[in-house]
Amino acid sequence: MSYTAPLKDMLFDLQHLANIDAIALIPGFEDAGFDTAQAVLEECAKFNEGVLAPLNWEGDKNPTSWKDGVVTATPGFKDAYQQFTQGGWQGLQHPVDFGGQGLPKTIGAFCGEMQQSANMSFALCPLLSDGAIEALLTAGSDELKSVYLEKLVSGAWTGTMNLTEPQAGSDLAAVRTRAEPQGDGSYKVFGTKIFITWGEHDMAENIVHLVLARVQGAPEGVKGISLFVVPKFLVNANGTLGARNDVQCVSIEHKMGIKASPTAVLQFGDHGGAVGYLVGEENRGLEYMFIMMNAARYGVGVQGIAISERSYQQAVQFARERVQSRPVDASAPTGAAIIHHPDVRRMLMTMRAVTEGCRALASVSAAAYDAAHCHPDAEVRKQNQAFYEFMVPLIKGFSTEMSLEVTSLGVQVHGGMGFIEETGAAQYYRDAKILTIYEGTTAIQANDLVGRKTARDGGQTAKGLAAQIAVTEGELAVSATPAALSVAKRLAAAREAFVEVVEFMAANAKARPVAVYAGSVPYLMLAGNLMAGWQMARSLLVAQQQLAAGVDAGFMQAKIVTAQFYAEHIMSRVSCLRDSIVQGADSATALSIDAF
């Protein structure tokens, strides 16, 4: 159950797909070229392999506990968190002005993957803090920034996101938590929030809750929601911690996975009101919270990649060691390690190809984020923002859905031993399930893809991406190797299916919304599959060039084979999805509700 960071694959993506040296040309990122990135990733790997990974199984066996409002982390977590903050890992991609290192997301995303692979329950805590930091950087007043950001960036304090209530899951229009203005500019907050990840714990000095609530007299629905900072401990004028605020953890959930991550029920205002401070303007809370949510959605997509990598590594190790049956080609006279059996090889290749494809997609999207936020050319920023926004629901939705397939295959490779908890394979499967649910279910990501990212502009952004994919097809054709031609054939078929579905979505979103949204998740899976496959096609082209130049022949040959497998076994699923969306839209909702 050990973990080894896949540095070679990460550095390949960083250099050749995300083009980190181009990011280093952007003002502010001058010191963040490939050499810096490699040094950071190597150091990050040491920490995650040596400190966080050994605690992963312990967290599953000995979850975080709650007693009388006090939440105690799994043994070893508190010390690991201190090492995490002392290493400066929380502030890796946050501004130098607030104590961070100011590195691009292109580097930070890979560090995040390592953390999530090593110990997903632990890594959820800094992931939520990252989102809180981004929200305050974007919408917080100078006063809020001066009080909270440096502590959050250092990791001395952690952050949370408080949306969900017992009666309001994904429907934030139903939020009832209320905020009453006080004469000094503060507010008193009253209400209950559920499913709050790391909402209470003993690892940090303070917890900064970002809470959605309604101010008295606010409009109904989502237009009347505001965002507040509600700290666990109030902060004195000199920056020291003061009295305990009126927010209490009344319980934590008992879950099928990520057991060491406390999922809290928080009660605000039972003893006179929790003191809160408005972020930005009243009634714009959902807008601000979406900054945090989009950061978290990308991060959850990376979690899907991370848990897939961990599951894959363990499956390969087991398949090399487990001896069962003679090979079907009689290449060995007696039993052989199961990695020699064709179906085991197929499963391992599926796990490997999906993980590498999703990682590649996440890396180029992180680079687009950096360019969208920091590039000096406004048009470049605009183009990269459109690219990144289109990719976020795919990274979140496709990567997490595929992580269920990968971790299920991980159990299957182990056979009966995979069903036994002591092997550890089942933990990855259980941990992965939450990824398709929190920060917006796959259907919510798909609705965003259909409504905001496809129908709103008549499919123009999607078709622009298809045009870029066609360029890659041309490059594969020029290469003309058997592997390149095979990938080009499948990539072209997938692109054509994608365009057909985009046109169907854009043409019918208003006239036939039920039919369109019945196919929204298949559309997301189709688009995610294609975009990851596109990056694998780009990887193949680079690997062929590197192989011809004599660079790391073993790795490059494996990359070519994996890209071809992705095209022939994963991307080939796209045409079936196209048919179900375009031709099967009506049958999805044809059965009467009473007949279920």
# chains A, B, ... in the order shown; residues from 1 in each chain; ligands from 1
$ closest_atom_pairs --of "range 401-475 of chain A" --to "range 513-521 of chain A" --cutoff "12 Å" --atoms "only C-alpha atoms" --output "CSV"
residue,atom,partner,partner_atom,distance
A:Glu401,CA,A:Val521,CA,10.3
A:Thr436,CA,A:Val521,CA,11.6
A:Thr441,CA,A:Val521,CA,10.2
A:Thr442,CA,A:Val521,CA,6.8
A:Ala443,CA,A:Val521,CA,5.8
A:Ile444,CA,A:Val521,CA,8.8
A:Gln445,CA,A:Val521,CA,8.1
A:Ala446,CA,A:Ser520,CA,5.1
A:Asn447,CA,A:Ser520,CA,6.2
A:Asp448,CA,A:Ser520,CA,9.1
A:Leu449,CA,A:Ser520,CA,7.8
A:Val450,CA,A:Ser520,CA,6.5
A:Gly451,CA,A:Tyr517,CA,9.1
A:Lys453,CA,A:Ser520,CA,11.8
A:Thr454,CA,A:Ser520,CA,10.9
A:Ala455,CA,A:Val516,CA,10.2
$ select_by_dssp --residues "range 107-316 of chain A" --states "strand (DSSP E)" --output "count of residues only"
61
$ closest_atom_pairs --of "range 232-296 of chain A" --to "range 41-59 of chain A" --cutoff "9 Å" --atoms "only C-alpha atoms" --output "JSON lines"
{"residue": "A:Ile258", "atom": "CA", "partner": "A:Gly59", "partner_atom": "CA", "distance": 8.1}
{"residue": "A:Lys259", "atom": "CA", "partner": "A:Gly59", "partner_atom": "CA", "distance": 6.6}
{"residue": "A:Ala260", "atom": "CA", "partner": "A:Gly59", "partner_atom": "CA", "distance": 4.7}
{"residue": "A:Ser261", "atom": "CA", "partner": "A:Gly59", "partner_atom": "CA", "distance": 8.3}
$ residues_around --residues "Gly528 in chain A" --least-positions-apart "3" --cutoff "10 Å" --atoms "only C-alpha atoms" --output "PDB file with C-alpha atoms, in the first residue's frame"
ATOM      1  CA  GLY A 357      -5.505  10.924 -20.054  1.00  0.00           C
ATOM      2  CA  CYS A 358      -7.281  12.698 -17.228  1.00  0.00           C
ATOM      3  CA  LEU A 361      -6.320  17.155 -19.448  1.00  0.00           C
ATOM      4  CA  MET A 391     -12.983  22.038 -19.069  1.00  0.00           C
ATOM      5  CA  VAL A 392     -13.870  22.397 -15.366  1.00  0.00           C
ATOM      6  CA  PRO A 393     -17.117  20.350 -15.497  1.00  0.00           C
ATOM      7  CA  LEU A 394     -15.305  17.742 -17.610  1.00  0.00           C
ATOM      8  CA  ILE A 395     -12.379  17.464 -15.221  1.00  0.00           C
ATOM      9  CA  LYS A 396     -14.718  17.249 -12.254  1.00  0.00           C
ATOM     10  CA  GLY A 397     -17.312  14.988 -13.864  1.00  0.00           C
ATOM     11  CA  PHE A 398     -15.350  12.733 -16.208  1.00  0.00           C
ATOM     12  CA  SER A 399     -12.291  12.238 -13.989  1.00  0.00           C
ATOM     13  CA  MET A 402     -13.770   7.277 -14.430  1.00  0.00           C
ATOM     14  CA  PRO A 522     -23.685  11.056 -21.424  1.00  0.00           C
ATOM     15  CA  TYR A 523     -22.688  14.325 -23.168  1.00  0.00           C
ATOM     16  CA  LEU A 524     -20.292  15.141 -20.340  1.00  0.00           C
ATOM     17  CA  MET A 525     -18.782  11.655 -20.524  1.00  0.00           C
ATOM     18  CA  MET A 531     -10.754  15.943 -24.512  1.00  0.00           C
ATOM     19  CA  ALA A 532      -8.631  13.501 -22.526  1.00  0.00           C
ATOM     20  CA  GLY A 533      -8.115  11.455 -25.688  1.00  0.00           C
ATOM     21  CA  TRP A 534      -7.021  14.593 -27.525  1.00  0.00           C
ATOM     22  CA  MET A 571     -12.239   6.797 -26.959  1.00  0.00           C
ATOM     23  CA  VAL A 574     -17.839   7.873 -27.803  1.00  0.00           C
TER      24      VAL A 574
END
